[in-house]
Structure formats: C-alpha cells, structure tokens
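Engineer: Dropping in start27.cif, which is mmCIF, C-alpha atoms:
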data_entry
loop_
_atom_site.label_atom_id
_atom_site.label_comp_id
_atom_site.auth_asym_id
_atom_site.auth_seq_id
_atom_site.Cartn_x
_atom_site.Cartn_y
_atom_site.Cartn_z
CA MET A 1179 -23.07 -17.01 42.11
CA TYR A 1180 -19.31 -17.18 41.56
CA PHE A 1181 -17.31 -17.35 44.78
CA TYR A 1182 -14.03 -15.40 44.80
CA GLY A 1183 -11.36 -16.20 47.38
CA THR A 1184 -12.91 -16.64 50.82
CA THR A 1185 -16.37 -15.39 49.85
CA GLY A 1186 -19.25 -17.64 50.71
CA VAL A 1187 -22.65 -17.76 52.37
CA ASN A 1188 -22.78 -18.06 56.16
CA LYS A 1189 -25.33 -19.70 58.47
CA ASN A 1190 -27.40 -16.50 58.48
CA GLY A 1191 -27.76 -16.72 54.72
CA ASN A 1192 -25.63 -13.61 54.21
CA LEU A 1193 -22.62 -13.07 52.00
CA GLU A 1194 -19.44 -13.64 53.99
CA ILE A 1195 -15.97 -12.35 53.16
CA GLY A 1196 -12.85 -13.41 55.04
CA GLY A 1197 -15.04 -15.03 57.67
CA VAL A 1198 -16.91 -11.77 58.31
CA ASP A 1199 -20.63 -11.20 57.66
CA SER A 1200 -21.00 -8.53 54.96
CA ILE A 1201 -24.24 -7.24 56.47
CA GLU A 1202 -22.50 -6.67 59.79
CA LEU A 1203 -19.73 -4.83 57.94
CA ALA A 1204 -22.28 -2.56 56.32
CA LYS A 1205 -23.89 -1.86 59.69
CA GLU A 1206 -20.61 -1.11 61.43
CA TYR A 1207 -18.77 0.86 58.76
CA GLY A 1208 -21.62 2.20 56.61
CA THR A 1209 -22.02 2.15 52.86
CA PRO A 1210 -20.67 2.43 50.25
CA LEU A 1211 -17.86 0.32 51.63
CA TYR A 1212 -14.82 -1.23 49.98
CA VAL A 1213 -14.08 -4.66 51.46
CA TYR A 1214 -10.84 -6.53 50.68
CA ASP A 1215 -10.23 -10.26 51.06
CA VAL A 1216 -6.69 -10.28 52.46
CA ALA A 1217 -6.23 -14.04 52.13
CA LEU A 1218 -6.90 -13.85 48.39
CA MET A 1219 -4.39 -11.02 47.94
CA ARG A 1220 -1.76 -12.98 49.86
CA GLU A 1221 -2.36 -16.10 47.79
CA ARG A 1222 -2.06 -14.20 44.51
CA ALA A 1223 1.21 -12.63 45.60
CA ARG A 1224 2.59 -15.99 46.69
CA SER A 1225 1.50 -17.74 43.51
CA PHE A 1226 3.42 -15.28 41.33
CA LYS A 1227 6.52 -15.51 43.53
CA ARG A 1228 6.28 -19.30 43.86
CA ALA A 1229 6.25 -19.73 40.08
CA PHE A 1230 9.67 -18.08 39.83
CA GLU A 1231 11.08 -19.80 42.90
CA GLU A 1232 10.12 -23.27 41.66
CA GLN A 1233 12.14 -22.71 38.50
CA GLU A 1234 14.98 -21.06 40.46
CA ILE A 1235 14.77 -17.89 38.42
CA LYS A 1236 16.01 -14.63 39.86
CA ALA A 1237 13.06 -12.25 39.73
CA GLN A 1238 11.14 -9.40 41.26
CA VAL A 1239 7.35 -9.37 41.50
CA ALA A 1240 6.47 -5.70 41.88
CA TYR A 1241 2.97 -4.74 42.97
CA ALA A 1242 1.68 -2.05 40.60
CA SER A 1243 0.31 0.19 43.33
CA LYS A 1244 -1.70 2.42 40.98
CA ALA A 1245 -4.36 -0.31 41.20
CA PHE A 1246 -4.90 0.40 44.91
CA SER A 1247 -2.49 2.43 47.01
CA THR A 1248 -2.91 2.88 50.76
CA ILE A 1249 -0.49 2.51 53.63
CA ALA A 1250 -2.05 -0.79 54.71
CA MET A 1251 -1.91 -2.21 51.17
CA ILE A 1252 1.73 -1.23 50.76
CA GLN A 1253 2.53 -2.85 54.11
CA LEU A 1254 0.74 -6.02 52.99
CA ALA A 1255 2.86 -6.05 49.83
CA GLU A 1256 5.98 -5.74 51.97
CA GLU A 1257 4.84 -8.61 54.22
CA GLU A 1258 4.58 -10.80 51.13
CA GLY A 1259 8.07 -9.90 49.94
CA LEU A 1260 6.93 -8.00 46.86
CA SER A 1261 8.67 -5.10 45.20
CA LEU A 1262 6.65 -1.96 44.48
CA ASP A 1263 5.83 -0.01 41.35
CA VAL A 1264 4.89 3.65 41.89
CA VAL A 1265 3.94 6.19 39.23
CA SER A 1266 3.78 9.51 41.08
CA GLY A 1267 5.21 11.47 43.97
CA GLY A 1268 2.05 10.71 45.93
CA GLU A 1269 2.41 6.97 45.49
CA LEU A 1270 6.10 7.22 46.38
CA TYR A 1271 5.27 9.27 49.47
CA THR A 1272 2.69 6.66 50.52
CA ALA A 1273 5.26 3.89 50.11
CA ILE A 1274 7.82 5.75 52.21
CA ALA A 1275 5.21 6.55 54.88
CA ALA A 1276 4.32 2.85 54.96
CA GLY A 1277 7.95 1.98 55.67
CA PHE A 1278 8.38 0.04 52.44
CA PRO A 1279 12.02 -0.91 51.71
CA VAL A 1280 13.18 1.79 49.29
CA GLU A 1281 15.57 -0.52 47.47
CA ARG A 1282 12.54 -2.47 46.17
CA ILE A 1283 10.69 0.59 44.81
CA HIS A 1284 10.51 1.16 41.05
CA PHE A 1285 9.37 4.59 39.81
CA HIS A 1286 7.38 4.71 36.55
CA GLY A 1287 5.58 7.51 34.72
CA ASN A 1288 5.76 9.45 31.47
CA ASN A 1289 6.04 12.94 33.01
CA LYS A 1290 8.01 12.76 36.23
CA SER A 1291 8.66 16.23 37.61
CA ARG A 1292 11.98 17.51 38.91
CA GLU A 1293 10.53 17.39 42.43
CA GLU A 1294 9.47 13.76 42.01
CA LEU A 1295 12.86 12.70 40.66
CA GLU A 1296 14.66 14.56 43.44
CA MET A 1297 12.43 12.81 45.96
CA ALA A 1298 13.29 9.43 44.43
CA LEU A 1299 17.02 10.20 44.53
CA GLU A 1300 16.83 11.56 48.07
CA HIS A 1301 15.35 8.30 49.29
CA GLU A 1302 17.69 6.20 47.12
CA ILE A 1303 14.93 4.07 45.63
CA GLY A 1304 15.83 0.91 43.78
CA CYS A 1305 15.14 1.89 40.21
CA ILE A 1306 13.76 4.63 37.96
CA VAL A 1307 12.07 3.50 34.74
CA VAL A 1308 13.05 6.21 32.26
CA ASP A 1309 10.28 6.90 29.79
CA ASN A 1310 11.49 9.51 27.28
CA PHE A 1311 14.38 11.74 26.19
CA SER A 1312 13.16 14.72 28.22
CA GLU A 1313 13.29 12.64 31.37
CA LEU A 1314 16.67 11.21 30.45
CA ASP A 1315 18.06 14.74 30.12
CA LEU A 1316 16.41 15.93 33.34
CA LEU A 1317 17.66 12.94 35.32
CA LYS A 1318 21.14 13.48 33.91
CA THR A 1319 21.06 17.10 35.12
CA ILE A 1320 19.75 16.27 38.59
CA THR A 1321 22.16 13.40 39.22
CA LYS A 1322 25.05 15.65 38.17
CA GLU A 1323 23.89 18.44 40.49
CA LYS A 1324 23.53 16.05 43.40
CA ASN A 1325 26.45 13.79 42.50
CA ALA A 1326 23.95 10.93 42.76
CA HIS A 1327 24.04 7.45 41.29
CA VAL A 1328 20.82 5.74 40.19
CA ASN A 1329 19.71 2.44 38.69
CA ILE A 1330 17.54 2.83 35.61
CA LEU A 1331 15.51 0.75 33.19
CA LEU A 1332 14.61 2.10 29.76
CA ARG A 1333 10.95 1.69 28.90
CA VAL A 1334 10.55 0.53 25.31
CA THR A 1335 7.53 0.04 23.07
CA PRO A 1336 8.07 -3.25 21.22
CA GLY A 1337 5.33 -2.65 18.64
CA ILE A 1338 2.88 -5.03 20.29
CA GLU A 1339 -0.45 -4.07 21.80
CA ALA A 1340 -2.42 -6.70 23.67
CA HIS A 1341 -5.90 -6.42 25.10
CA THR A 1342 -7.54 -9.66 26.16
CA HIS A 1343 -7.49 -11.85 23.00
CA ASP A 1344 -6.49 -9.17 20.52
CA TYR A 1345 -2.83 -8.73 19.58
CA ILE A 1346 -1.79 -5.95 17.23
CA LEU A 1347 1.74 -5.77 15.83
CA THR A 1348 2.82 -2.44 14.39
CA GLY A 1349 6.11 -1.14 13.01
CA GLN A 1350 6.02 1.96 15.16
CA GLU A 1351 3.65 1.91 18.08
CA ASP A 1352 1.60 5.04 18.72
CA SER A 1353 1.92 5.40 22.49
CA LYS A 1354 2.60 8.15 24.98
CA PHE A 1355 4.92 5.75 26.82
CA GLY A 1356 8.46 4.66 26.16
CA PHE A 1357 11.19 4.64 23.49
CA ASP A 1358 10.20 2.97 20.24
CA LEU A 1359 12.12 -0.23 19.67
CA GLN A 1360 11.74 -0.26 15.89
CA ASN A 1361 12.66 3.26 14.77
CA GLY A 1362 15.97 3.63 16.62
CA GLN A 1363 14.72 5.70 19.56
CA ALA A 1364 15.45 2.97 22.09
CA GLU A 1365 18.99 2.48 20.80
CA ASP A 1366 19.66 6.23 20.88
CA ALA A 1367 18.38 6.40 24.46
CA LEU A 1368 20.55 3.46 25.47
CA LYS A 1369 23.66 5.08 23.96
CA MET A 1370 22.95 8.29 25.86
CA ALA A 1371 22.35 6.46 29.13
CA LEU A 1372 25.49 4.35 28.82
CA THR A 1373 27.69 7.43 28.50
CA ASN A 1374 26.51 8.82 31.85
CA ASP A 1375 28.58 7.65 34.82
CA ASN A 1376 25.70 8.48 37.20
CA PHE A 1377 23.45 5.89 35.57
CA GLU A 1378 23.54 2.14 36.07
CA VAL A 1379 21.48 0.82 33.17
CA LEU A 1380 20.00 -2.40 34.52
CA GLY A 1381 17.99 -3.29 31.46
CA LEU A 1382 14.69 -2.83 29.66
CA HIS A 1383 11.01 -2.52 30.48
CA CYS A 1384 7.82 -2.84 28.47
CA HIS A 1385 4.10 -2.99 29.14
CA ILE A 1386 1.84 -4.25 26.36
CA GLY A 1387 -1.68 -3.85 27.70
CA SER A 1388 -4.17 -4.81 30.37
CA GLN A 1389 -6.72 -7.50 31.22
CA ILE A 1390 -4.78 -10.02 29.11
CA PHE A 1391 -5.94 -13.65 29.20
CA GLU A 1392 -3.20 -15.27 27.12
CA THR A 1393 0.59 -15.34 27.12
CA THR A 1394 1.03 -14.71 23.38
CA GLY A 1395 1.59 -10.96 23.70
CA PHE A 1396 4.19 -11.35 26.44
CA LEU A 1397 6.09 -13.93 24.39
CA LEU A 1398 6.04 -11.75 21.27
CA ALA A 1399 7.28 -8.77 23.30
CA ALA A 1400 10.06 -10.86 24.84
CA LYS A 1401 11.13 -12.05 21.38
CA LYS A 1402 11.38 -8.53 19.98
CA ILE A 1403 13.28 -7.20 22.99
CA VAL A 1404 15.72 -10.11 23.28
CA GLU A 1405 16.53 -9.75 19.58
CA LYS A 1406 17.56 -6.16 20.30
CA MET A 1407 19.45 -7.24 23.40
CA GLU A 1408 21.58 -9.53 21.24
CA ALA A 1409 22.31 -6.73 18.77
CA TRP A 1410 23.19 -4.29 21.55
CA LYS A 1411 25.55 -6.78 23.13
CA ARG A 1412 27.43 -7.06 19.82
CA GLU A 1413 27.31 -3.40 18.87
CA LEU A 1414 27.37 -1.58 22.22
CA SER A 1415 28.88 -4.18 24.58
CA PHE A 1416 25.72 -3.84 26.68
CA GLU A 1417 24.08 -6.88 28.21
CA ALA A 1418 20.82 -6.35 30.06
CA LYS A 1419 20.73 -7.66 33.61
CA VAL A 1420 16.96 -7.11 33.92
CA LEU A 1421 14.05 -7.73 31.56
CA ASN A 1422 10.81 -6.27 32.91
CA LEU A 1423 7.77 -7.48 30.97
CA GLY A 1424 5.27 -5.40 32.93
CA GLY A 1425 1.80 -6.48 34.01
CA GLY A 1426 -1.69 -6.64 32.55
CA PHE A 1427 -2.60 -10.14 33.74
CA GLY A 1428 -6.37 -10.54 33.51
CA ILE A 1429 -8.99 -11.40 36.14
CA ARG A 1430 -12.57 -12.63 36.03
CA TYR A 1431 -15.11 -9.79 36.18
CA THR A 1432 -17.99 -11.66 34.55
CA LYS A 1433 -18.67 -15.14 33.22
CA GLU A 1434 -17.31 -14.05 29.81
CA ASP A 1435 -13.82 -13.65 31.27
CA GLU A 1436 -11.52 -16.68 31.35
CA PRO A 1437 -8.25 -15.80 33.13
CA ILE A 1438 -5.35 -18.20 33.38
CA PRO A 1439 -3.42 -18.94 36.61
CA PRO A 1440 -0.48 -16.67 37.53
CA SER A 1441 1.85 -19.65 37.33
CA GLN A 1442 1.01 -20.16 33.65
CA TYR A 1443 1.94 -16.59 32.73
CA VAL A 1444 5.21 -16.91 34.62
CA SER A 1445 6.21 -20.38 33.42
CA GLU A 1446 5.63 -19.55 29.76
CA ILE A 1447 7.48 -16.24 30.04
CA ILE A 1448 10.44 -17.97 31.70
CA ARG A 1449 10.51 -20.72 29.09
CA GLU A 1450 10.46 -18.23 26.21
CA VAL A 1451 13.14 -15.94 27.65
CA LYS A 1452 15.36 -18.94 28.43
CA LYS A 1453 14.95 -20.25 24.89
CA LEU A 1454 15.68 -16.87 23.33
CA THR A 1455 18.69 -16.00 25.47
CA ASP A 1456 20.17 -19.46 24.94
CA SER A 1457 19.75 -19.15 21.18
CA TYR A 1458 21.55 -15.79 21.20
CA SER A 1459 24.21 -16.85 23.74
CA LEU A 1460 23.02 -14.23 26.23
CA THR A 1461 23.05 -14.46 29.99
CA MET A 1462 19.58 -15.15 31.37
CA PRO A 1463 18.41 -11.80 32.77
CA GLU A 1464 16.55 -11.26 36.01
CA ILE A 1465 12.85 -11.17 35.12
CA TRP A 1466 10.58 -8.56 36.65
CA ILE A 1467 6.81 -8.40 36.38
CA GLU A 1468 4.25 -5.89 37.68
CA PRO A 1469 0.89 -7.41 38.66
CA GLY A 1470 -1.62 -4.89 39.98
CA ARG A 1471 -5.20 -5.74 39.06
CA SER A 1472 -4.43 -9.47 39.28
CA LEU A 1473 -3.36 -9.07 42.93
CA VAL A 1474 -6.21 -6.91 44.21
CA GLY A 1475 -8.98 -6.74 41.61
CA ASP A 1476 -11.15 -9.71 42.48
CA ALA A 1477 -10.20 -9.45 46.17
CA GLY A 1478 -12.33 -6.31 46.44
CA ILE A 1479 -16.10 -6.10 46.92
CA THR A 1480 -18.10 -2.89 47.23
CA LEU A 1481 -21.18 -2.89 49.45
CA TYR A 1482 -24.00 -0.46 48.68
CA LYS A 1483 -27.34 0.28 50.29
CA VAL A 1484 -30.29 0.09 47.92
CA GLY A 1485 -32.37 3.25 47.66
CA SER A 1486 -34.97 4.44 45.20
CA SER A 1487 -36.32 2.59 42.18
CA LYS A 1488 -37.91 3.66 38.92
CA GLU A 1489 -39.83 1.54 36.44
CA VAL A 1490 -40.09 2.51 32.78
CA PRO A 1491 -42.94 0.29 31.55
CA GLY A 1492 -41.85 -2.01 28.78
CA VAL A 1493 -38.27 -0.73 28.93
CA ARG A 1494 -36.44 -1.38 32.22
CA LYS A 1495 -36.40 -0.99 35.97
CA TYR A 1496 -33.75 1.24 37.54
CA LEU A 1497 -32.52 0.53 41.03
CA ALA A 1498 -30.42 3.23 42.68
CA VAL A 1499 -27.67 2.69 45.25
CA ASP A 1500 -25.90 5.10 47.59
CA GLY A 1501 -22.72 5.28 45.53
CA GLY A 1502 -21.79 5.18 41.88
CA MET A 1503 -19.25 6.88 39.64
CA SER A 1504 -17.75 8.66 42.65
CA ASP A 1505 -16.50 5.32 44.01
CA ASN A 1506 -16.33 3.33 40.76
CA ILE A 1507 -15.88 5.40 37.63
CA ARG A 1508 -14.80 2.45 35.46
CA PRO A 1509 -18.26 1.68 34.01
CA ALA A 1510 -18.62 5.31 32.89
CA LEU A 1511 -15.04 5.52 31.58
CA TYR A 1512 -14.54 2.09 30.05
CA GLN A 1513 -18.00 0.48 29.95
CA ALA A 1514 -16.57 -1.96 32.49
CA LYS A 1515 -18.88 -4.83 33.42
CA TYR A 1516 -19.51 -6.32 36.85
CA GLU A 1517 -21.55 -8.99 38.58
CA ALA A 1518 -23.41 -8.46 41.86
CA VAL A 1519 -25.76 -10.10 44.36
CA LEU A 1520 -27.85 -8.98 47.26
CA ALA A 1521 -25.56 -9.56 50.23
CA ASN A 1522 -28.50 -10.35 52.53
CA LYS A 1523 -29.97 -12.95 50.12
CA PRO A 1524 -27.19 -14.04 47.78
CA LEU A 1525 -28.67 -17.46 46.94
CA THR A 1526 -32.27 -16.36 46.48
CA ILE A 1527 -33.56 -17.05 42.97
CA ALA A 1528 -33.73 -14.00 40.73
CA LYS A 1529 -37.23 -12.77 39.91
CA GLU A 1530 -36.54 -9.64 37.91
CA THR A 1531 -33.90 -7.88 35.86
CA VAL A 1532 -32.86 -4.44 37.01
CA SER A 1533 -30.23 -1.88 36.09
CA ILE A 1534 -28.11 -0.46 38.91
CA ALA A 1535 -27.89 3.33 38.89
CA GLY A 1536 -25.52 5.45 40.89
CA LYS A 1537 -26.62 8.56 42.76
CA CYS A 1538 -24.47 11.07 40.89
CA CYS A 1539 -26.23 13.68 38.78
CA GLU A 1540 -25.13 12.15 35.48
CA SER A 1541 -27.19 9.97 33.16
CA GLY A 1542 -24.02 7.97 32.53
CA ASP A 1543 -23.71 7.01 36.19
CA MET A 1544 -24.76 3.39 35.72
CA LEU A 1545 -22.88 0.62 37.52
CA ILE A 1546 -24.51 -2.48 36.01
CA TRP A 1547 -27.03 -2.90 33.21
CA ASP A 1548 -29.56 -5.76 33.27
CA LEU A 1549 -28.70 -7.53 36.50
CA PRO A 1550 -30.90 -10.48 37.56
CA LEU A 1551 -31.95 -10.08 41.22
CA PRO A 1552 -34.62 -11.39 43.61
CA ASP A 1553 -37.24 -8.98 44.93
CA VAL A 1554 -35.36 -5.94 46.15
CA GLY A 1555 -36.39 -3.52 48.86
CA GLU A 1556 -34.91 -0.32 50.20
CA GLU A 1557 -32.16 -0.95 52.75
CA ASP A 1558 -31.12 -4.21 51.06
CA ILE A 1559 -27.34 -4.42 50.58
CA LEU A 1560 -25.93 -4.89 47.10
CA ALA A 1561 -22.48 -6.50 46.82
CA VAL A 1562 -20.61 -5.71 43.60
CA PHE A 1563 -17.70 -8.06 42.95
CA CYS A 1564 -14.18 -7.39 41.64
CA THR A 1565 -13.93 -3.70 42.52
CA GLY A 1566 -10.53 -3.99 44.19
CA ALA A 1567 -8.53 -2.44 41.34
CA TYR A 1568 -9.07 1.16 40.29
CA GLY A 1569 -12.15 1.64 42.47
CA TYR A 1570 -10.68 3.40 45.47
CA SER A 1571 -7.67 4.69 43.53
CA MET A 1572 -9.91 6.45 40.97
CA SER A 1573 -12.56 7.56 43.47
CA ASN A 1574 -13.56 11.20 43.51
CA ASN A 1575 -15.77 13.78 45.18
CA TYR A 1576 -18.10 14.52 42.29
CA ASN A 1577 -21.32 16.07 43.60
CA ARG A 1578 -19.39 16.55 46.85
CA ILE A 1579 -19.90 12.92 47.78
CA PRO A 1580 -17.42 11.74 50.46
CA ARG A 1581 -15.21 8.81 49.51
CA PRO A 1582 -16.01 5.47 51.17
CA ALA A 1583 -14.14 3.69 53.92
CA VAL A 1584 -11.92 0.69 53.21
CA VAL A 1585 -11.92 -2.46 55.34
CA PHE A 1586 -9.56 -5.46 55.21
CA VAL A 1587 -11.01 -8.80 56.31
CA GLU A 1588 -9.01 -11.90 57.21
CA ASN A 1589 -9.67 -14.92 59.44
CA GLY A 1590 -12.90 -13.50 60.82
CA ILE A 1591 -11.39 -10.11 61.72
CA ALA A 1592 -12.25 -6.79 60.07
CA THR A 1593 -9.71 -3.98 60.13
CA LEU A 1594 -10.52 -0.43 59.08
CA VAL A 1595 -7.62 0.74 56.88
CA VAL A 1596 -9.09 3.94 55.39
CA LYS A 1597 -11.59 6.11 57.25
CA ARG A 1598 -14.74 7.32 55.52
CA GLU A 1599 -14.52 10.92 54.44
CA THR A 1600 -16.83 13.38 56.14
CA TYR A 1601 -18.53 16.52 54.91
CA GLU A 1602 -15.99 18.44 56.96
CA ASP A 1603 -13.22 16.74 54.97
CA LEU A 1604 -14.80 17.98 51.75
CA ILE A 1605 -14.38 21.64 52.67
CA LYS A 1606 -11.11 21.25 54.56
CA TYR A 1607 -9.08 23.10 51.95
CA ASP A 1608 -11.76 25.53 50.78
CA LEU A 1609 -11.14 29.22 51.42
CA PRO A 1610 -13.82 31.90 51.75
CA LEU A 1611 -14.26 34.58 49.12
CA LYS A 1612 -13.54 37.29 51.70
#
Go ahead and express the file in the form of structure tokens.

Structural biologist:
Amino acid sequence: MYFYGTTGVNKNGNLEIGGVDSIELAKEYGTPLYVYDVALMRERARSFKRAFEEQEIKAQVAYASKAFSTIAMIQLAEEEGLSLDVVSGGELYTAIAAGFPVERIHFHGNNKSREELEMALEHEIGCIVVDNFSELDLLKTITKEKNAHVNILLRVTPGIEAHTHDYILTGQEDSKFGFDLQNGQAEDALKMALTNDNFEVLGLHCHIGSQIFETTGFLLAAKKIVEKMEAWKRELSFEAKVLNLGGGFGIRYTKEDEPIPPSQYVSEIIREVKKLTDSYSLTMPEIWIEPGRSLVGDAGITLYKVGSSKEVPGVRKYLAVDGGMSDNIRPALYQAKYEAVLANKPLTIAKETVSIAGKCCESGDMLIWDLPLPDVGEEDILAVFCTGAYGYSMSNNYNRIPRPAVVFVENGIATLVVKRETYEDLIKYDLPLK
C-alpha cells in the first residue's frame, strides 16, 4: 500500500485520512464519498510557492480550479496565497461567492461568451487570457462600450505537445487553443492587442499538456517563446512582463507513475528562463504557473460500499460498488488507472484478483481492472486513491444517480464542504408535461 499525505492505518486497523477513520466517515456521511486530505493540499501549494520565494523570483502560482472547484476549495487556495485560474462563468461565480480576491483571478477558455467577459470586467478580475481572434475582437468591443481597462495575456501554442514522457515538436500545432507561435498568428494578435488603449498586454501564456513527469517540455516551450519575445522587443518595442508556462505537473496514480517534486519543476523553469532572457538581454519576466491536478489529485480518496459480485469462471470476478462513472468518469473517458484498498482491512494480504464495476447501466462503467484484494464481502468499504482531480468536477447524474458529498479532513476533524445530492435535487428543475 502506498501512503499519500496523511493517510495511514489506525489502531483499529482501518484506513485513516487526516487523522480521521475512513470507516467512520463512511458511516457518518454515506457512500460514495469524496474525502480530501487538507494538509497534503496545503503542503503542495506551499512547496510550489516556496520554490519561487527561495530564488527570489516574482511569480504567481494559480490554482487551476477546473480540477476541483467548490467554495471551500477556493477559500483554501486563498488561505495559501494562491492565485486562481477559472475557465467559465460558473467557476468565476464560485470564486466570487467564495470571496476570492478578484485581482488574483485569471480567466481562461477558448469560447468565452459576451456575458462571461462582461462578468469578468464588472468584477475587475486580474487578467483575461485571450485565446483567439474572435475573443480579441469581442473583448475590444465590450471594453470600448464600457470604457473598461483590462489586463490580458495572449495564449500561444509553441508547437510542443507533452504527455508524460512523450514530447512532440510540430511546425504548426493542431489545437483548439491559442494563437500559433510559428505561423504568424501570435504576432498578428499581439499587434492588434497593442493598438488597443483598453488593453494592458502583460505577456504570454502556454499550456503544453498534462500528467507530465519531466521538465523537458516546459524548457522547450520557454525557449520558443523567449525567442519570440526577443524578436518582438526589437520589432514591436514590446517586452513581456509575464510568462505563464501553464500546468500539467504529474502525480502518482499507480506504481508506474514517477512524478518529480514541485520544486524541481520550478527550479529548472526558473534557471532556463533566466538563462534565455540573459542571453537575449531581456528583463526577467514574472513567471506564472497553473497547478491543478498536482495540488488536489492525490489528496482525494473516494470511499465506496461494496455490493454485488459476479464470477465468470476462468475469466474474471466482478465486484460492484455503489458509485462509478457518475462520480469518476475518467476510466471510461481516458482509460485512467487507479489503485485501491479495502478501507476496513487495508493491510490484509490479497487473496484474489477482482475487477471493480460501477453501478451505471453501461458495460464501460469499470473503475479498476484486475485489482488484488483480500476476501471481500458486501458492506466492505473500498477506498480508491487519487480521485481528487476531475472526480467531483466531472461528476454527473447519469441514471439519475445523486452526486456524492465532499468532506475535508485535517488534524482529526472532518468538515462537510459539499452536501450529498438527494432524489429531490434531481427533479428540482424538472417541469411537468401539463
């Protein structure tokens, strides 16, 4: 068993998270249940920030809230001095409702509506990351109408795609996001933005991938962007104040994953940007990053109650739980892999290999294939690790299954931060035929 953060086994032989017995959590709050290790999230946030502070680099560490957005999570990010990345009006509304400082909110997205942009301007958020020419034109129109001034970054695609250990360099990246750096789109967008008195162009943004375990892709992206920054300083008299290299820092889901510490990502990025800007006689820009999964992913555990089982002789044994693709769609969408234990006997030696099935009416609703477990009975509690990112945020009501509750645990105290949906909630907005 791999212990994440404050997880361990208590004197009762049960899995413990944040000093709280997981079996007691399941009894009190029901299952499925998302449980978050607050101490681990705090430490991750601090480790990213500390890496910049130790090198005295001006920076912003923005939590990418698409990974997990609730009022309590946004307030935790604020407590830790993070900035915030939002990608929709709903995420922005949540941030405002949570009382997050608007000057530290960055608004992303490839199809921001007029209403969303007006909302961002109304609340005077810190920065809008402009993604395409349509948005540039729309923002120009709205700021003129409202006589508003806004800070912007231009999102660029540097021709680098990174996923784990695979780095692909292309002349013109095929992506729905951003202005292409190689074919002149980014330069055209910059020229347009610089001619608008309502825009303050802070700098450039890129995002090269997700679940990345090396720094190579970030360094290649920085090299390509800084080269353009030097050209634009000469040709356009523009010097970027901010270089945002996005997120995508990997975590451990299974024993095959080998993530590196946050400090290593940061220190190598800083060293490369310093080297590049010095070589081109540029001012060192403020560096922004956007960790999401790496802040909350392995801090989350989902607890399920074991239900029915089915044995296919000579093939496999299926074990069903009381959740599935309605609370964790990632295995069905991405073939995502997870590890799990029985929370009431986490150290008991495995005696059989089972496959964990969800309860949704889909043959593809499988959470884990071929999981070694001890003898399992109905009512046992299964704990699936590393469900903190994109579990709750991608949850759904397929088969009219209510979404689970969310609990934060820290220093032996459990705090309910999202109530469990009820059947009444499911029909709240339904209207009768007549």

Engineer: Could you list, as a PyMOL selection string, every residue matched by the PyMOL selection byres ((chain A and resi 1434) around 12) in this structure?

Structural biologist: chain A and resi 1342+1391+1429-1433+1435-1437+1515-1517

Engineer: Could you tell me which of A:Gly1287, A:Pro1336, A:Gly1475, A:Gly1267 comes closest to Ala1400 in chain A if we count all atoms listed in the file?

Structural biologist: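 Going through A:Gly1287, A:Pro1336, A:Gly1475, A:Gly1267 one by one, the smallest distance to Ala1400 in chain A is for A:Pro1336.
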
Engineer: What residues come out when you apply the PyMOL selection byres ((chain A and resi 1546) around 10) to this file, written as JSON, numbers by chain?

Structural biologist: {"A": [1497, 1509, 1513, 1514, 1515, 1516, 1517, 1518, 1532, 1533, 1534, 1535, 1536, 1543, 1544, 1545, 1547, 1548, 1549, 1562]}

Engineer: Please indicate the distance in Å from CA of Arg1471 in chain A to CA of Tyr1241 in chain A, rounded to one decimal place.

Structural biologist: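 Computing it gives 9.1 Å between the two atoms.
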
Engineer: Care to translate the PyMOL selection byres ((chain A and resi 1387) around 10) into actual residues of this file, as number ranges by chain?

Structural biologist: A: 1338-1342, 1345, 1384-1386, 1388-1390, 1395-1396, 1424-1427

Engineer: Please provide the set of residues having any atom within 9 Å of Gly1191 in chain A, restricted to all atoms listed in the file, with same-chain residues fewer than 4 positions apart removed, written as a list in words.

Structural biologist: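 Skipping anything fewer than 4 positions along the chain leaves Val1187, Ala1521, Asn1522, Lys1523, Pro1524 and Leu1525 of chain A.
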
Engineer: I need the residue nearest Lys1290 in chain A from this list: A:Met1572, A:Ile1306, A:Ala1240, A:Leu1481. Use all atoms listed in the file for the distance.

Structural biologist: A:Ile1306

Engineer: Between A:Glu1194, A:Leu1254, A:Leu1421, A:Lys1322, which has the minimum distance to Asn1589 in chain A (counting only C-alpha atoms)?

Structural biologist: A:Glu1194

Engineer: Under the rule that all atoms listed in the file are counted, which of A:Val1519, A:Lys1324, A:Met1251, A:Leu1372 is the nearest residue to Leu1295 in chain A?

Structural biologist: A:Lys1324

Engineer: Separation of CA of Lys1406 in chain A and CA of Ala1364 in chain A, in Å?

Structural biologist: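 Taking CA of Lys1406 in chain A and CA of Ala1364 in chain A, their separation equals 9.5 Å.
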
Engineer: Do you have the CA of Ile1249 in chain A-CA of Asn1577 in chain A distance handy?

Structural biologist: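 Answer for the CA of Ile1249 in chain A to CA of Asn1577 in chain A separation: 26.8 Å.
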
Engineer: From the structure block, carefully write range 1322-1333 of chain A out with N, CA and C atoms; format it as an mmCIF file, in the first residue's frame.

Structural biologist:
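Now in part_39.cif:
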data_model
loop_
_atom_site.group_PDB
_atom_site.id
_atom_site.type_symbol
_atom_site.label_atom_id
_atom_site.label_comp_id
_atom_site.auth_asym_id
_atom_site.auth_seq_id
_atom_site.Cartn_x
_atom_site.Cartn_y
_atom_site.Cartn_z
ATOM 1 N N LYS A 1322 -14.659 48.821 -25.109
ATOM 2 C CA LYS A 1322 -14.985 50.142 -25.673
ATOM 3 C C LYS A 1322 -16.360 50.591 -25.192
ATOM 4 N N GLU A 1323 -17.334 49.682 -25.227
ATOM 5 C CA GLU A 1323 -18.690 50.003 -24.785
ATOM 6 C C GLU A 1323 -18.713 50.444 -23.329
ATOM 7 N N LYS A 1324 -17.912 49.767 -22.514
ATOM 8 C CA LYS A 1324 -17.942 50.004 -21.074
ATOM 9 C C LYS A 1324 -16.839 50.941 -20.606
ATOM 10 N N ASN A 1325 -16.021 51.394 -21.566
ATOM 11 C CA ASN A 1325 -14.875 52.238 -21.224
ATOM 12 C C ASN A 1325 -14.064 51.578 -20.110
ATOM 13 N N ALA A 1326 -13.795 50.282 -20.312
ATOM 14 C CA ALA A 1326 -13.108 49.471 -19.296
ATOM 15 C C ALA A 1326 -11.677 49.184 -19.724
ATOM 16 N N HIS A 1327 -10.825 49.015 -18.740
ATOM 17 C CA HIS A 1327 -9.428 48.676 -18.968
ATOM 18 C C HIS A 1327 -9.187 47.284 -18.394
ATOM 19 N N VAL A 1328 -8.453 46.442 -19.125
ATOM 20 C CA VAL A 1328 -8.256 45.064 -18.657
ATOM 21 C C VAL A 1328 -6.852 44.582 -18.975
ATOM 22 N N ASN A 1329 -6.296 43.809 -18.037
ATOM 23 C CA ASN A 1329 -5.010 43.145 -18.259
ATOM 24 C C ASN A 1329 -5.259 41.863 -19.052
ATOM 25 N N ILE A 1330 -4.422 41.615 -20.054
ATOM 26 C CA ILE A 1330 -4.569 40.383 -20.813
ATOM 27 C C ILE A 1330 -3.232 39.674 -20.995
ATOM 28 N N LEU A 1331 -3.311 38.358 -21.144
ATOM 29 C CA LEU A 1331 -2.222 37.538 -21.661
ATOM 30 C C LEU A 1331 -2.707 36.970 -22.985
ATOM 31 N N LEU A 1332 -1.814 36.742 -23.915
ATOM 32 C CA LEU A 1332 -2.149 36.054 -25.148
ATOM 33 C C LEU A 1332 -1.713 34.601 -25.027
ATOM 34 N N ARG A 1333 -2.677 33.695 -25.224
ATOM 35 C CA ARG A 1333 -2.322 32.279 -25.178
ATOM 36 C C ARG A 1333 -1.734 31.877 -26.521
#
